[in-house]
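Below is one structure, written out as structure tokens, with a few remarks after it.
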Amino acid sequence: MSKEASLGERMKLGWKKMPIGGVMFQPGSSVEYRTGDWRIDKKPMIDQDKCIRCFICWIVCPDVSIEREPKPHGKHQESVKVDYYHCKGCGICAAECPVDAIEMVEESRSVP
Amino acid sequence: MFRKKGVFTGEGVIPYAGEGSTVTTEGAVCTQVGCAYTGDEAVAYAAKQCDIDVVAAYPITPQTIIVERFSDYVANGEVDTEFLHVESEHSAMSACVGASLAGGRVFTSTASQGLALMHEVLYLASGLRCPIVMAVVNRALSAPINIHGDQSDMMGSRDCGWIQLYAENGQEAYDLTIQAFKIAECESVQLPVTVNLDGFTVSHATESMKSIADEDVKRFLPLRKPVFKLDPASPISVGGMALPEYYYETKRQQEEALRLSDEVVQKVGKEYGELTGRSYGYMETFGLEDADAAIIALGSTCGTVRSVAKQLRAKGEKVGSIKLWMYRPFPTEELLSTIKDLKALAVMDKAISFGAPYGALCSDIASALQNTGSELRLLNMIYGLGGRDIAASTIESVFEEALQTAKTGKVKERIRFLDVRE
């Protein structure tokens, strides 16, 4: 997991400095919330060679944690990667992948 | 046009709230109007004068007259208030929270089962820091079903984070309602307030009392200035989720606001006194300068207690009485210094805290005394449940027992259930 602290974590305030009543003055702040913390022991890892770019994982991910990036790989124009900051490790992507290109691996294994 | 103004009696019509003759009060700078009204009418009239934006309420005995009178004011065009007729108390408090977050001055009223049905939303009102004012006309909780007065309803919700004030009579209910808005809306407070009045004993009893003019209320209580509000021009999010990382800090902050609100209650009570000659604060005491034994209570019973104490003092007994106006935040330090010279204190609880060592008020006083080295003996008296009358003779017997304890240092019973048939 990335060691880079989120904006929300860097700003973690004590009770004396927090806005009253839990009011949020900035919209869309939930993106700062590291739901990646919720993964227990496994994370999805995508084999870019096996992947056929069908984007089923991108559709089915309940946490919008599969990202498409314009990085060419082999004959494909795009790559598919996991947003580990938000991925909760549910494994739906791995279960739905039609070519078994996604494997749920131990947390300790590094991302290639 | 919907209701002929005035209270009808065999003698004719007694002037309705605010329409009687002008009276002068010692120490008051404002003109006051003498009138006759019930505790409920007094609260409704105070609410009318407070320039409220939204009232969302559901009728329940013995509070009904408050919202009924207020509906009259709305129907007659005497107030510029949005009155929401909701389908339950749960909805009433939910609508109040929304209206308060939008920056409005909000009032509601309930009792008993209604307060119980609101229970979960009470925590939202305080947690979201909504300065709502609610009159709670204290009534027993079912079962068995009973419409009469006791304080089980508010005591069941005493940890909801609201400021809780108790009125002894209609005059105090009127005065405290006006003060409640000023306390709630104070920049450092931003918390909801309940004004408690005893069902029927206060809510339905017609008294002679004094009201102040609309302009004086306006000067005392300027327009609400919200610290934050829901405004499309400057969007914010309220009611968001706070998981273990933030919830605790939010609650710690709320607790601090409630604790520090006691100074505001005191300040506003004093300011109201400068205007009207009737000062308020944490509590009112009688005869404590040399008393050995005293009784402490909340609400209407304090009048009976004070009256009996006066009679006993005339006979040379060293007794006193304490009336708590402010129950939450609990005035710990002030109460400790008030009772430091007493030898025995009888604590009147008009609600049972089932299975607890004491009733709610007595538990609070006992825990306040903890670690102070005080030798004060506490006698806990449960009384008046479901509207059971509390007679002066009963109060006298409590004083006698407290004086006995003051002499011997011995407490006969940990909790005594007054006037219950064996």
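Naming works like this for the structure tokens: A, B, ... for the chains as they're shown, residue 1 at the start of each chain, ligands 1 onward in shown order.
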Requested in this report: Compile the residues of chain A that lie within 6 Å of chain B, evaluated using only C-alpha atoms, and express the compilation as a count of residues only.
Outcome: 5
Distance query range 355-366 of chain B at most 7 Å, only C-alpha atoms, self and fewer than 6 positions along chain excluded, as a PDB file with C-alpha atoms, in the first residue's frame:
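The resulting selection_10.pdb:
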ATOM      1  CA  MET B 155     -35.021  12.023  32.369  1.00  0.00           C
ATOM      2  CA  VAL B 347     -33.232  14.999  46.654  1.00  0.00           C
ATOM      3  CA  ASP B 349     -36.827  12.714  41.852  1.00  0.00           C
ATOM      4  CA  ASN B 380     -33.445  10.214  47.799  1.00  0.00           C
ATOM      5  CA  ILE B 415     -34.525   5.591  48.429  1.00  0.00           C
TER       6      ILE B 415
END
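Backbone DSSP over range 30-98 of chain A gives strand (DSSP E) for Lys42, Lys43, Pro44, Met45, Ile46, Ile66, Glu67, Arg68, Glu69, Ser79, Val80, Lys81 and Val82 of chain A.
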Residues as selected, N, CA and C atoms, written as a PDB file, in the first residue's frame, can you do that?
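Result went into selection-v6.pdb, see below:
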ATOM      1  N   LYS A  42      -5.744  -9.697   1.071  1.00  0.00           N
ATOM      2  CA  LYS A  42      -5.444  -9.882  -0.356  1.00  0.00           C
ATOM      3  C   LYS A  42      -5.811  -8.677  -1.198  1.00  0.00           C
ATOM      4  N   LYS A  43      -5.031  -8.518  -2.247  1.00  0.00           N
ATOM      5  CA  LYS A  43      -5.311  -7.414  -3.169  1.00  0.00           C
ATOM      6  C   LYS A  43      -5.298  -7.947  -4.598  1.00  0.00           C
ATOM      7  N   PRO A  44      -6.038  -7.310  -5.525  1.00  0.00           N
ATOM      8  CA  PRO A  44      -6.048  -7.793  -6.904  1.00  0.00           C
ATOM      9  C   PRO A  44      -4.781  -7.355  -7.638  1.00  0.00           C
ATOM     10  N   MET A  45      -4.251  -8.247  -8.459  1.00  0.00           N
ATOM     11  CA  MET A  45      -3.109  -7.862  -9.285  1.00  0.00           C
ATOM     12  C   MET A  45      -3.443  -8.249 -10.729  1.00  0.00           C
ATOM     13  N   ILE A  46      -3.232  -7.303 -11.660  1.00  0.00           N
ATOM     14  CA  ILE A  46      -3.643  -7.518 -13.051  1.00  0.00           C
ATOM     15  C   ILE A  46      -2.425  -7.906 -13.907  1.00  0.00           C
ATOM     16  N   ILE A  66     -10.970   0.432 -10.350  1.00  0.00           N
ATOM     17  CA  ILE A  66     -10.207  -0.006 -11.521  1.00  0.00           C
ATOM     18  C   ILE A  66     -10.063   1.214 -12.420  1.00  0.00           C
ATOM     19  N   GLU A  67      -8.829   1.531 -12.762  1.00  0.00           N
ATOM     20  CA  GLU A  67      -8.593   2.732 -13.567  1.00  0.00           C
ATOM     21  C   GLU A  67      -8.051   2.355 -14.939  1.00  0.00           C
ATOM     22  N   ARG A  68      -8.478   3.125 -15.932  1.00  0.00           N
ATOM     23  CA  ARG A  68      -7.938   2.947 -17.286  1.00  0.00           C
ATOM     24  C   ARG A  68      -6.953   4.078 -17.507  1.00  0.00           C
ATOM     25  N   GLU A  69      -5.753   3.706 -18.002  1.00  0.00           N
ATOM     26  CA  GLU A  69      -4.821   4.807 -18.268  1.00  0.00           C
ATOM     27  C   GLU A  69      -4.285   4.692 -19.691  1.00  0.00           C
ATOM     28  N   SER A  79      -3.889   0.769 -20.685  1.00  0.00           N
ATOM     29  CA  SER A  79      -3.580  -0.211 -19.629  1.00  0.00           C
ATOM     30  C   SER A  79      -4.689  -0.142 -18.580  1.00  0.00           C
ATOM     31  N   VAL A  80      -4.779  -1.179 -17.775  1.00  0.00           N
ATOM     32  CA  VAL A  80      -5.776  -1.217 -16.700  1.00  0.00           C
ATOM     33  C   VAL A  80      -5.027  -1.350 -15.383  1.00  0.00           C
ATOM     34  N   LYS A  81      -5.340  -0.494 -14.422  1.00  0.00           N
ATOM     35  CA  LYS A  81      -4.640  -0.626 -13.139  1.00  0.00           C
ATOM     36  C   LYS A  81      -5.607  -0.472 -11.957  1.00  0.00           C
ATOM     37  N   VAL A  82      -5.114  -0.907 -10.824  1.00  0.00           N
ATOM     38  CA  VAL A  82      -5.956  -0.865  -9.621  1.00  0.00           C
ATOM     39  C   VAL A  82      -5.587   0.354  -8.780  1.00  0.00           C
TER      40      VAL A  82
END
Query raised in the report: Residues at most 10 Å from Cys97 in chain A, counting only C-alpha atoms, excluding those fewer than 6 positions away in the same chain, as a list in words?
Result: Ile46, Cys51, Ile52, Cys54, Phe55, Ile56, Cys57, Val60 and Glu103 of chain A
Query raised in the report: So which one's closest to Asp198 in chain B, B:Val268, B:Leu298, B:Ile65, B:Val106? Using only C-alpha atoms, please.
Result: B:Leu298
